[in-house]
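The file input-v7.cif comes next; it holds mmCIF, C-alpha atoms.
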data_final
loop_
_atom_site.label_atom_id
_atom_site.label_comp_id
_atom_site.auth_asym_id
_atom_site.auth_seq_id
_atom_site.Cartn_x
_atom_site.Cartn_y
_atom_site.Cartn_z
CA MET A 1 -42.70 29.88 -26.90
CA LYS A 2 -40.36 29.11 -24.01
CA ASN A 3 -41.49 26.89 -21.15
CA VAL A 4 -40.94 28.20 -17.66
CA ILE A 5 -41.34 25.97 -14.65
CA LEU A 6 -42.04 27.78 -11.42
CA VAL A 7 -41.53 25.71 -8.30
CA GLY A 8 -42.52 26.61 -4.77
CA PHE A 9 -44.29 29.94 -5.22
CA SER A 10 -47.40 30.91 -3.33
CA GLU A 11 -50.61 31.05 -5.32
CA ASN A 12 -50.55 34.83 -5.31
CA ASP A 13 -46.92 35.12 -6.44
CA PHE A 14 -47.45 32.43 -9.07
CA SER A 15 -50.41 34.33 -10.53
CA LEU A 16 -48.46 37.57 -10.66
CA LEU A 17 -45.48 35.92 -12.31
CA GLU A 18 -47.68 34.09 -14.75
CA MET A 19 -49.31 37.34 -15.78
CA TYR A 20 -46.01 39.15 -16.39
CA LEU A 21 -44.35 36.24 -18.11
CA ALA A 22 -47.28 35.58 -20.41
CA GLU A 23 -46.74 39.10 -21.81
CA LYS A 24 -43.21 38.01 -22.66
CA GLN A 25 -44.44 34.95 -24.52
CA PHE A 26 -43.52 32.41 -21.88
CA SER A 27 -45.63 29.36 -21.19
CA VAL A 28 -45.73 29.00 -17.42
CA ARG A 29 -46.24 25.82 -15.42
CA ASP A 30 -46.20 25.15 -11.72
CA LEU A 31 -44.55 21.85 -10.89
CA ARG A 32 -43.32 20.42 -7.63
CA GLU A 33 -43.58 16.68 -7.89
CA ASN A 34 -41.78 14.61 -10.51
CA LEU A 35 -39.63 17.55 -11.42
CA ALA A 36 -36.83 15.28 -12.61
CA GLU A 37 -39.21 13.35 -14.82
CA SER A 38 -40.61 16.56 -16.32
CA LEU A 39 -37.14 17.92 -16.99
CA SER A 40 -36.10 14.75 -18.79
CA LYS A 41 -39.20 14.80 -21.00
CA MET A 42 -39.15 18.42 -22.15
CA LYS A 43 -37.31 19.10 -25.34
CA ASP A 44 -37.58 22.87 -25.54
CA PRO A 45 -35.19 25.05 -23.60
CA MET A 46 -36.55 25.63 -20.15
CA ILE A 47 -36.12 27.86 -17.19
CA VAL A 48 -36.71 26.53 -13.74
CA PHE A 49 -37.34 29.35 -11.36
CA PHE A 50 -37.32 28.09 -7.82
CA SER A 51 -38.68 29.53 -4.59
CA VAL A 52 -37.39 28.02 -1.36
CA GLN A 53 -40.04 28.09 1.35
CA SER A 54 -39.45 24.87 3.28
CA GLU A 55 -36.75 22.34 4.10
CA GLU A 56 -38.09 20.09 1.33
CA ASP A 57 -37.76 22.94 -1.14
CA SER A 58 -34.20 23.42 0.05
CA LYS A 59 -33.37 19.75 -0.62
CA LEU A 60 -34.97 19.86 -4.06
CA LEU A 61 -33.09 23.01 -4.98
CA ARG A 62 -29.79 21.42 -3.93
CA LYS A 63 -30.61 18.51 -6.23
CA ILE A 64 -31.27 20.93 -9.10
CA ILE A 65 -27.99 22.73 -8.39
CA THR A 66 -26.04 19.48 -8.58
CA ASP A 67 -27.94 17.54 -11.25
CA TYR A 68 -29.62 20.14 -13.48
CA PRO A 69 -27.70 23.43 -13.07
CA GLN A 70 -28.15 24.22 -16.75
CA HIS A 71 -31.91 24.63 -16.23
CA LEU A 72 -31.73 26.95 -13.23
CA TYR A 73 -32.09 30.57 -14.21
CA GLY A 74 -33.36 32.13 -11.04
CA CYS A 75 -33.88 31.42 -7.41
CA THR A 76 -35.46 32.99 -4.33
CA VAL A 77 -34.17 31.88 -0.95
CA PRO A 78 -34.93 32.98 2.63
CA GLU A 79 -32.56 35.69 3.78
CA ASN A 80 -31.29 33.56 6.66
CA ASN A 81 -30.33 30.61 4.44
CA ARG A 82 -26.80 31.78 3.84
CA ASP A 83 -25.22 28.57 2.60
CA LEU A 84 -27.98 27.88 0.09
CA GLY A 85 -27.80 31.43 -1.25
CA TYR A 86 -24.06 31.05 -1.57
CA ALA A 87 -24.38 27.74 -3.42
CA VAL A 88 -26.71 29.38 -5.92
CA SER A 89 -24.50 32.43 -6.29
CA LEU A 90 -21.66 30.18 -7.45
CA LEU A 91 -23.67 29.31 -10.55
CA PRO A 92 -22.81 32.09 -12.98
CA GLY A 93 -25.80 33.67 -14.68
CA VAL A 94 -28.37 32.56 -12.10
CA GLN A 95 -30.46 35.41 -10.70
CA LEU A 96 -30.74 35.26 -6.93
CA PHE A 97 -33.49 36.99 -4.92
CA PHE A 98 -34.22 36.92 -1.21
CA LEU A 99 -37.60 36.19 0.28
CA PRO A 100 -40.08 37.57 0.89
CA LEU A 101 -40.64 38.99 -2.58
CA VAL A 102 -42.38 42.33 -2.85
CA LYS A 103 -44.66 43.19 -5.74
CA LYS A 104 -42.09 45.20 -7.65
CA GLU A 105 -39.63 42.37 -7.33
CA VAL A 106 -42.03 40.00 -9.03
CA GLN A 107 -41.82 42.26 -12.07
CA LYS A 108 -38.05 42.28 -11.70
CA VAL A 109 -38.01 38.49 -11.52
CA ALA A 110 -40.00 38.22 -14.73
CA SER A 111 -37.77 40.75 -16.45
CA LYS A 112 -34.62 38.93 -15.37
CA LEU A 113 -35.94 35.66 -16.68
CA TYR A 114 -36.65 37.26 -20.01
CA ASP A 115 -33.12 38.68 -20.14
CA ALA A 116 -31.65 35.34 -19.23
CA VAL A 117 -33.41 33.59 -22.10
CA ARG A 118 -31.88 36.02 -24.56
CA SER A 119 -28.44 34.87 -23.57
CA ILE A 120 -28.61 31.48 -25.23
CA ASN A 121 -25.00 30.37 -25.16
CA ARG A 122 -24.49 29.84 -21.44
CA ILE A 123 -20.93 28.60 -21.62
CA LEU A 124 -19.69 31.60 -23.55
CA SER A 125 -21.66 34.04 -21.43
CA VAL A 126 -20.22 32.52 -18.25
CA TYR A 127 -16.74 32.67 -19.66
CA GLU A 128 -17.22 36.29 -20.63
CA GLY A 129 -18.40 37.26 -17.16
CA LEU A 130 -15.79 35.40 -15.18
CA VAL A 131 -12.97 37.52 -13.77
CA ASP A 132 -11.62 36.10 -10.56
CA GLN A 133 -13.34 33.86 -8.08
CA HIS A 134 -11.76 32.44 -4.97
CA HIS A 135 -13.73 30.20 -2.66
CA HIS A 136 -12.81 28.40 0.53
CA PHE A 137 -14.82 25.55 2.01
CA ARG A 138 -14.21 23.62 5.20
CA TRP A 139 -15.90 20.55 6.66
CA LYS A 140 -15.24 18.20 9.53
CA THR A 141 -14.36 14.83 8.02
CA ARG A 142 -17.34 13.04 9.49
CA ASP A 143 -19.74 15.67 8.08
CA LEU A 144 -18.38 15.54 4.54
CA GLN A 145 -20.62 14.04 1.84
CA ILE A 146 -18.02 13.03 -0.72
CA SER A 147 -20.11 12.26 -3.81
CA GLU A 148 -22.35 15.31 -3.48
CA THR A 149 -19.40 17.62 -2.78
CA CYS A 150 -17.49 16.38 -5.80
CA ARG A 151 -20.53 16.73 -8.04
CA PHE A 152 -20.96 20.29 -6.73
CA PHE A 153 -17.41 21.31 -7.63
CA ALA A 154 -17.50 19.49 -10.95
CA THR A 155 -20.63 21.45 -11.82
CA ILE A 156 -18.89 24.73 -11.02
CA LEU A 157 -15.95 23.80 -13.20
CA MET A 158 -18.27 22.87 -16.06
CA GLN A 159 -20.26 26.07 -15.62
CA ALA A 160 -17.06 28.10 -15.64
CA GLY A 161 -16.30 26.71 -19.08
CA MET A 162 -13.29 24.64 -18.03
CA TYR A 163 -14.53 21.69 -20.03
CA GLN A 164 -16.08 21.92 -23.46
CA ASP A 165 -17.84 18.60 -23.45
CA ASP A 166 -20.67 17.76 -21.06
CA THR A 167 -19.68 14.10 -21.24
CA GLN A 168 -16.52 14.98 -19.33
CA MET A 169 -18.59 15.60 -16.22
CA ASP A 170 -18.30 11.94 -15.14
CA GLN A 171 -14.51 12.02 -15.44
CA VAL A 172 -14.30 15.24 -13.45
CA VAL A 173 -16.52 13.88 -10.67
CA LEU A 174 -14.47 10.67 -10.59
CA ALA A 175 -11.16 12.53 -10.40
CA LEU A 176 -12.42 14.71 -7.57
CA GLU A 177 -13.78 11.67 -5.73
CA GLU A 178 -10.43 9.92 -5.96
CA ALA A 179 -8.57 12.95 -4.65
CA LEU A 180 -11.05 13.61 -1.87
CA ILE A 181 -11.33 9.98 -0.77
CA ASN A 182 -7.54 9.77 -0.55
CA SER A 183 -7.40 12.95 1.50
CA VAL A 184 -10.12 11.75 3.84
CA GLU A 185 -9.18 8.08 4.23
CA HIS A 186 -5.38 8.08 3.96
CA GLY A 187 -5.02 11.63 5.28
CA ASN A 188 -7.38 12.48 8.10
CA LEU A 189 -8.43 8.94 9.00
CA GLU A 190 -4.85 7.58 8.58
CA LEU A 191 -6.10 4.35 7.01
CA ASP A 192 -3.43 2.18 5.45
CA SER A 193 -4.18 0.31 2.23
CA SER A 194 -2.70 -2.82 3.81
CA LEU A 195 -5.94 -3.11 5.78
CA ARG A 196 -7.84 -3.72 2.54
CA PRO A 197 -8.85 -7.35 2.10
CA GLN A 198 -6.63 -9.22 -0.33
CA SER A 199 -9.56 -11.39 -1.30
CA LEU A 200 -13.31 -10.90 -1.28
CA PHE A 201 -13.59 -13.68 1.30
CA GLU A 202 -11.56 -11.74 3.85
CA GLU A 203 -13.19 -9.53 6.40
CA ASP A 204 -13.06 -5.94 5.26
CA ARG A 205 -11.05 -4.50 8.14
CA TYR A 206 -10.43 -1.35 6.13
CA GLU A 207 -14.15 -0.53 5.95
CA GLU A 208 -14.70 -1.39 9.63
CA GLU A 209 -11.81 0.82 10.67
CA ARG A 210 -13.00 3.62 8.39
CA VAL A 211 -16.42 3.70 10.01
CA LYS A 212 -14.90 3.47 13.50
CA ARG A 213 -12.47 6.34 12.96
CA LEU A 214 -15.12 8.58 11.44
CA GLY A 215 -16.84 8.43 14.82
CA GLU A 216 -13.70 9.28 16.77
CA GLU A 217 -12.99 12.96 17.33
CA GLN A 218 -9.22 12.65 16.80
CA TYR A 219 -9.87 11.41 13.24
CA GLY A 220 -13.43 12.27 12.24
CA GLY A 221 -13.12 15.69 13.87
CA ARG A 222 -10.24 16.71 11.63
CA TYR A 223 -11.00 19.20 8.90
CA ILE A 224 -10.90 18.95 5.13
CA ASP A 225 -10.33 22.27 3.41
CA ILE A 226 -11.15 22.80 -0.24
CA THR A 227 -10.20 26.00 -2.01
CA LEU A 228 -11.24 26.83 -5.53
CA ASN A 229 -9.61 29.61 -7.49
CA ILE A 230 -10.97 30.36 -10.94
CA THR A 231 -9.59 32.84 -13.45
CA ARG A 232 -10.17 33.23 -17.15
CA GLU A 233 -7.15 31.07 -17.83
CA SER A 234 -7.49 28.23 -15.35
CA ALA A 235 -9.10 26.68 -12.33
CA GLU A 236 -7.15 25.47 -9.31
CA LEU A 237 -8.82 23.24 -6.78
CA ALA A 238 -6.83 22.33 -3.68
CA ILE A 239 -7.77 19.75 -1.08
CA THR A 240 -5.95 19.90 2.26
CA ASN A 241 -6.20 17.43 5.12
CA GLN A 242 -4.89 17.48 8.69
CA GLY A 243 -3.33 14.04 8.60
CA PRO A 244 0.37 13.19 8.95
CA GLY A 245 1.06 13.29 5.21
CA PHE A 246 2.70 10.71 2.96
CA ASP A 247 5.64 10.18 0.68
CA THR A 248 4.44 11.54 -2.67
CA SER A 249 7.30 9.86 -4.51
CA ASN A 250 5.44 6.55 -4.04
CA ILE A 251 2.58 7.54 -6.33
CA LYS A 252 2.26 4.96 -9.06
CA ILE A 253 2.66 5.74 -12.72
CA PHE A 254 1.03 3.40 -15.18
CA ASP A 255 3.03 3.12 -18.36
CA GLU A 256 4.23 0.47 -20.79
CA ASP A 257 6.68 -0.85 -18.20
CA THR A 258 4.06 -1.44 -15.51
CA SER A 259 4.25 -5.06 -14.38
CA GLU A 260 1.29 -7.43 -14.19
CA GLU A 261 1.82 -7.58 -10.44
CA GLU A 262 1.40 -3.83 -10.15
CA ILE A 263 -1.73 -3.90 -12.29
CA LEU A 264 -3.16 -6.66 -10.10
CA ASP A 265 -2.49 -4.63 -6.96
CA ILE A 266 -5.88 -3.68 -5.59
CA SER A 267 -4.79 -0.17 -4.64
CA GLY A 268 -2.82 2.68 -6.13
CA LYS A 269 -4.78 3.49 -9.27
CA GLY A 270 -6.39 6.70 -8.09
CA GLY A 271 -3.59 8.96 -9.30
CA ARG A 272 -4.09 7.88 -12.90
CA LEU A 273 -7.81 8.56 -12.73
CA ILE A 274 -7.16 12.07 -11.43
CA SER A 275 -4.83 12.93 -14.29
CA ARG A 276 -7.54 12.12 -16.86
CA ALA A 277 -9.58 15.19 -15.90
CA PHE A 278 -6.92 17.66 -14.81
CA ASP A 279 -3.92 19.03 -16.68
CA GLU A 280 -1.65 19.13 -13.68
CA THR A 281 -1.51 17.61 -10.21
CA ARG A 282 0.71 19.00 -7.49
CA TYR A 283 1.38 17.89 -3.92
CA ASN A 284 2.88 19.92 -1.13
CA ARG A 285 6.09 18.59 0.38
CA LYS A 286 4.35 16.97 3.33
CA GLY A 287 1.76 15.24 1.19
CA THR A 288 -1.23 16.78 2.97
CA LYS A 289 -2.38 18.96 0.10
CA ILE A 290 -3.21 18.11 -3.48
CA THR A 291 -3.79 20.84 -6.04
CA LEU A 292 -5.61 20.02 -9.26
CA ILE A 293 -5.20 22.41 -12.14
CA ARG A 294 -7.33 22.67 -15.22
CA ARG A 295 -6.52 25.13 -18.00
CA ALA A 296 -9.45 26.80 -19.72
CA PRO A 297 -9.99 25.91 -23.36
CA VAL A 298 -9.01 28.58 -25.87
CA ARG A 299 -11.99 30.92 -26.50
CA GLY A 300 -12.13 30.06 -30.16
CA ASP A 301 -12.65 26.41 -29.24
CA ILE A 302 -15.72 27.02 -27.09
CA LYS A 303 -18.87 25.46 -28.50
CA GLN A 304 -21.53 27.82 -29.79
CA SER A 305 -25.10 26.63 -29.32
CA MET B 1 -26.04 1.42 -9.50
CA ASP B 2 -27.72 -1.94 -10.04
CA ILE B 3 -26.20 -5.36 -10.55
CA GLU B 4 -27.93 -8.23 -12.27
CA LEU B 5 -26.73 -11.84 -12.28
CA GLU B 6 -27.61 -14.27 -15.06
CA LYS B 7 -26.43 -17.84 -14.67
CA ASP B 8 -26.30 -20.35 -17.49
CA GLY B 9 -24.67 -23.59 -16.45
CA SER B 10 -21.13 -22.80 -15.39
CA THR B 11 -21.24 -19.34 -16.97
CA MET B 12 -22.26 -16.31 -14.95
CA LYS B 13 -23.09 -13.02 -16.62
CA ILE B 14 -22.78 -10.00 -14.34
CA ILE B 15 -24.45 -6.84 -15.65
CA ILE B 16 -23.41 -3.63 -13.92
CA ASP B 17 -25.83 -0.81 -14.62
CA GLY B 18 -24.60 2.64 -13.50
CA ASN B 19 -21.34 4.10 -12.26
CA ILE B 20 -19.41 2.45 -9.44
CA ASP B 21 -19.01 5.01 -6.66
CA THR B 22 -18.44 4.47 -2.94
CA ASP B 23 -21.93 3.02 -2.36
CA GLY B 24 -21.81 1.05 -5.59
CA GLY B 25 -18.48 -0.45 -4.60
CA HIS B 26 -20.03 -1.96 -1.50
CA GLU B 27 -22.89 -3.43 -3.53
CA LEU B 28 -20.38 -4.84 -6.02
CA SER B 29 -18.54 -6.57 -3.16
CA VAL B 30 -21.73 -8.21 -1.93
CA GLN B 31 -22.71 -9.49 -5.37
CA LEU B 32 -19.25 -10.79 -6.20
CA GLN B 33 -19.15 -12.68 -2.91
CA GLU B 34 -22.48 -14.23 -3.84
CA VAL B 35 -20.99 -15.45 -7.12
CA MET B 36 -17.93 -16.77 -5.32
CA GLU B 37 -20.18 -18.96 -3.19
CA MET B 38 -21.34 -20.80 -6.34
CA ASP B 39 -18.77 -23.55 -6.79
CA ASP B 40 -19.95 -24.50 -10.28
CA VAL B 41 -19.24 -21.07 -11.83
CA GLU B 42 -16.14 -21.26 -13.99
CA HIS B 43 -16.65 -18.54 -16.58
CA VAL B 44 -17.67 -14.97 -15.65
CA ILE B 45 -18.64 -12.35 -18.19
CA PHE B 46 -19.09 -8.75 -17.09
CA ASN B 47 -21.30 -6.39 -19.08
CA MET B 48 -20.45 -2.79 -18.21
CA THR B 49 -22.03 -1.03 -21.16
CA THR B 50 -23.94 1.43 -18.97
CA CYS B 51 -21.17 1.92 -16.41
CA ARG B 52 -19.30 5.09 -17.37
CA THR B 53 -16.80 5.28 -14.51
CA THR B 54 -15.59 3.41 -11.46
CA ILE B 55 -13.63 4.63 -8.48
CA SER B 56 -10.30 2.93 -7.88
CA SER B 57 -11.59 0.74 -5.04
CA GLY B 58 -14.12 -0.67 -7.49
CA ILE B 59 -11.24 -1.67 -9.73
CA GLY B 60 -9.63 -3.24 -6.66
CA LYS B 61 -12.68 -5.40 -6.12
CA LEU B 62 -12.59 -6.55 -9.75
CA MET B 63 -8.91 -7.41 -9.28
CA ASN B 64 -9.67 -9.50 -6.19
CA PHE B 65 -12.44 -11.27 -8.05
CA TYR B 66 -10.11 -11.99 -10.96
CA LYS B 67 -7.57 -13.50 -8.56
CA TYR B 68 -10.26 -15.78 -7.19
CA ILE B 69 -11.38 -16.93 -10.64
CA ASP B 70 -7.81 -17.37 -11.81
CA ALA B 71 -6.95 -19.44 -8.74
CA LYS B 72 -9.69 -21.94 -9.58
CA LYS B 73 -8.56 -22.01 -13.25
CA GLY B 74 -11.68 -20.23 -14.43
CA LYS B 75 -12.10 -17.42 -16.99
CA MET B 76 -13.12 -13.80 -16.56
CA GLU B 77 -13.76 -11.22 -19.26
CA ILE B 78 -15.56 -7.99 -19.89
CA ARG B 79 -17.84 -8.21 -22.88
CA GLY B 80 -19.60 -4.90 -23.48
CA ILE B 81 -18.14 -1.75 -21.99
CA SER B 82 -18.85 1.98 -22.29
CA ASP B 83 -16.36 4.12 -24.19
CA SER B 84 -15.32 6.12 -21.15
CA LEU B 85 -14.81 3.06 -18.96
CA TYR B 86 -12.88 1.34 -21.74
CA THR B 87 -10.53 4.32 -21.89
CA GLN B 88 -10.19 4.26 -18.10
CA PHE B 89 -9.31 0.54 -18.06
CA MET B 90 -6.89 0.81 -20.97
CA GLU B 91 -4.95 3.54 -19.20
CA ILE B 92 -4.16 1.20 -16.32
CA HIS B 93 -3.56 -1.71 -18.70
CA LEU B 94 -6.28 -3.99 -17.39
CA ASP B 95 -6.47 -5.57 -20.85
CA ARG B 96 -3.19 -7.28 -19.99
CA ILE B 97 -4.94 -9.13 -17.18
CA PHE B 98 -8.23 -10.24 -18.75
CA PRO B 99 -9.98 -9.72 -22.11
CA ILE B 100 -11.93 -6.48 -22.50
CA ILE B 101 -14.17 -6.62 -25.55
CA ARG B 102 -16.20 -3.72 -26.83
CA GLU B 103 -19.54 -4.71 -28.30
#
Transcribe the structure of this file into structure tokens.
Amino acid sequence: MKNVILVGFSENDFSLLEMYLAEKQFSVRDLRENLAESLSKMKDPMIVFFSVQSEEDSKLLRKIITDYPQHLYGCTVPENNRDLGYAVSLLPGVQLFFLPLVKKEVQKVASKLYDAVRSINRILSVYEGLVDQHHHFRWKTRDLQISETCRFFATILMQAGMYQDDTQMDQVVLALEEALINSVEHGNLELDSSLRPQSLFEEDRYEEERVKRLGEEQYGGRYIDITLNITRESAELAITNQGPGFDTSNIKIFDEDTSEEEILDISGKGGRLISRAFDETRYNRKGTKITLIRRAPVRGDIKQS
Amino acid sequence: MDIELEKDGSTMKIIIDGNIDTDGGHELSVQLQEVMEMDDVEHVIFNMTTCRTTISSGIGKLMNFYKYIDAKKGKMEIRGISDSLYTQFMEIHLDRIFPIIRE
């Protein structure tokens, strides 16, 4: 019997769903608090079907999208919450409904959940369904949440089957963080690495200047654009900043000939970390755009669950 | 990310639990400065078994700390490191600077 967690539904809607799902041999629970703890304890495959009614629900759903996307099979969001609906729609295979639900839709919700369970190999099913997806995001630098944004895109890439191994998620997030931090700090904020303290006793002028420039419109008001283009064969993620650019020929390569002095240099290692998760890295001539390319694994190599 | 310090005479064990991201890097700075204020510490052992990745500025902070220890003729090593972090450090040849031991 499959466990279904319903979060955020009204008593009436919960009862209706419970009734329909019980016919389909689902065990239904209503959980709001300690969702993370419950998810970590359950061993059976689960479906978390989420209903967004309040701002708190919205925050919890965003956390599920970033941290537990593999458990999210369906979602209802208010019609006017465009960005949240869009975020959910980027997760292939997740059924999206708009509130308020009508009675017939409750039946549809239950039916969709049942269909979703039958498709047990999510990676292969995503890969099968993916044709072409192009997405463009834009933030002002001072509004950008780097870690959460990188985790969001890494999740999409994992969901799209670009990586076979879930343990690669950390590497992907790290690579994206390196690329995005460089674009923000050296690009839009025009921070020079020479400001970094050469010892831990020195005042961190780099950090002070970073915070200061984020608050200034001429720096913090600049935009970061991220475009993501996914096909069956590959994913291309490009990060563009509005800074002055840099000389891309200065990017360090770590090989057998790297000197101890270069290794001891406190900066310049980001490029290597990026190349661990992506097959190719390209810069535009001006140095204001980095494109990260990942080639999809061959279909025969995809894990079957 | 959490950092624990365990001092035994002139040896300081620094246990880093969790990945070093932008927030973690700041916490790492604070803790390393605290260790640097202890004049009697000569040998520092990092345990990074549960740290899977670090951003490059985190590596920079470890480099600065190494320079401090080296300048006072002390020793620094990593004893216990996750597989993914070990791979990350090997790719930038950090093992040429200080010992990195998998346990």
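For the pair CA of Arg232 (chain A) and CA of Ile293 (chain A), the separation is 12.9 Å.
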Evaluate the PyMOL selection byres ((chain B and resi 10) around 8) against this structure - the residues, as a PDB file with C-alpha atoms, in the frame of the given file, please.
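Below is the file result_18.pdb, written as the result:
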ATOM      1  CA  LYS B   7     -26.430 -17.840 -14.670  1.00  0.00           C
ATOM      2  CA  ASP B   8     -26.300 -20.350 -17.490  1.00  0.00           C
ATOM      3  CA  GLY B   9     -24.670 -23.590 -16.450  1.00  0.00           C
ATOM      4  CA  THR B  11     -21.240 -19.340 -16.970  1.00  0.00           C
ATOM      5  CA  MET B  12     -22.260 -16.310 -14.950  1.00  0.00           C
ATOM      6  CA  ASP B  40     -19.950 -24.500 -10.280  1.00  0.00           C
ATOM      7  CA  VAL B  41     -19.240 -21.070 -11.830  1.00  0.00           C
ATOM      8  CA  GLU B  42     -16.140 -21.260 -13.990  1.00  0.00           C
ATOM      9  CA  HIS B  43     -16.650 -18.540 -16.580  1.00  0.00           C
TER      10      HIS B  43
END
Where does the PyMOL selection byres ((chain A and resi 77-85) around 6) land in this file, that is, which residues does it pick, as a VMD selection string? chain A and resid 52 76 86 to 88 98 to 99
So which residues get picked by the PyMOL selection byres ((chain B and resi 18) around 10) here, written as a PyMOL selection string? chain B and resi 1-3+15-17+19-21+24+48-54
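Distances to Glu280 (chain A) were evaluated for A:Ser89, A:Ser234, A:Thr240, A:Asn229 using all atoms listed in the file, and the minimum falls at A:Ser234.
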Atomic distance CA of Phe137 (chain A) - CA of Ala175 (chain A), expressed in Å with one decimal: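 Distance between the two atoms: 18.4 Å.
Residues with any atom within 9 Å of Asp279 (chain A), counting all atoms listed in the file and excluding same-chain neighbours fewer than 4 positions away, are A:Ser275, A:Leu292, A:Ile293, A:Arg294, A:Arg295.
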Coordinates of region 54-60 of chain B, all heavy atoms, as a PDB file, in the first residue's frame:
ATOM      1  N   THR B  54      33.207  22.191  -0.827  1.00  0.00           N
ATOM      2  CA  THR B  54      33.464  23.542  -0.335  1.00  0.00           C
ATOM      3  C   THR B  54      33.598  24.479  -1.523  1.00  0.00           C
ATOM      4  O   THR B  54      34.167  24.115  -2.546  1.00  0.00           O
ATOM      5  CB  THR B  54      34.737  23.614   0.529  1.00  0.00           C
ATOM      6  OG1 THR B  54      35.020  25.000   0.799  1.00  0.00           O
ATOM      7  CG2 THR B  54      35.948  23.015  -0.171  1.00  0.00           C
ATOM      8  N   ILE B  55      33.052  25.685  -1.373  1.00  0.00           N
ATOM      9  CA  ILE B  55      33.247  26.670  -2.428  1.00  0.00           C
ATOM     10  C   ILE B  55      34.694  27.149  -2.401  1.00  0.00           C
ATOM     11  O   ILE B  55      35.409  26.929  -1.409  1.00  0.00           O
ATOM     12  CB  ILE B  55      32.284  27.877  -2.289  1.00  0.00           C
ATOM     13  CG1 ILE B  55      32.389  28.511  -0.903  1.00  0.00           C
ATOM     14  CG2 ILE B  55      30.862  27.479  -2.607  1.00  0.00           C
ATOM     15  CD1 ILE B  55      31.583  29.780  -0.767  1.00  0.00           C
ATOM     16  N   SER B  56      35.113  27.779  -3.477  1.00  0.00           N
ATOM     17  CA  SER B  56      36.535  28.103  -3.618  1.00  0.00           C
ATOM     18  C   SER B  56      37.015  29.082  -2.543  1.00  0.00           C
ATOM     19  O   SER B  56      38.167  29.004  -2.104  1.00  0.00           O
ATOM     20  CB  SER B  56      36.818  28.658  -5.022  1.00  0.00           C
ATOM     21  OG  SER B  56      36.012  29.777  -5.281  1.00  0.00           O
ATOM     22  N   SER B  57      36.155  29.965  -2.065  1.00  0.00           N
ATOM     23  CA  SER B  57      36.601  30.892  -1.016  1.00  0.00           C
ATOM     24  C   SER B  57      36.857  30.144   0.292  1.00  0.00           C
ATOM     25  O   SER B  57      37.683  30.572   1.109  1.00  0.00           O
ATOM     26  CB  SER B  57      35.601  32.028  -0.813  1.00  0.00           C
ATOM     27  OG  SER B  57      34.342  31.530  -0.453  1.00  0.00           O
ATOM     28  N   GLY B  58      36.185  29.033   0.488  1.00  0.00           N
ATOM     29  CA  GLY B  58      36.461  28.186   1.652  1.00  0.00           C
ATOM     30  C   GLY B  58      37.853  27.600   1.560  1.00  0.00           C
ATOM     31  O   GLY B  58      38.583  27.521   2.554  1.00  0.00           O
ATOM     32  N   ILE B  59      38.240  27.190   0.369  1.00  0.00           N
ATOM     33  CA  ILE B  59      39.595  26.691   0.147  1.00  0.00           C
ATOM     34  C   ILE B  59      40.596  27.818   0.420  1.00  0.00           C
ATOM     35  O   ILE B  59      41.651  27.615   1.021  1.00  0.00           O
ATOM     36  CB  ILE B  59      39.761  26.161  -1.290  1.00  0.00           C
ATOM     37  CG1 ILE B  59      38.827  24.971  -1.518  1.00  0.00           C
ATOM     38  CG2 ILE B  59      41.210  25.742  -1.548  1.00  0.00           C
ATOM     39  CD1 ILE B  59      38.791  24.478  -2.955  1.00  0.00           C
ATOM     40  N   GLY B  60      40.238  29.024  -0.001  1.00  0.00           N
ATOM     41  CA  GLY B  60      41.102  30.181   0.237  1.00  0.00           C
ATOM     42  C   GLY B  60      41.360  30.396   1.722  1.00  0.00           C
ATOM     43  O   GLY B  60      42.468  30.718   2.148  1.00  0.00           O
TER      44      GLY B  60
END
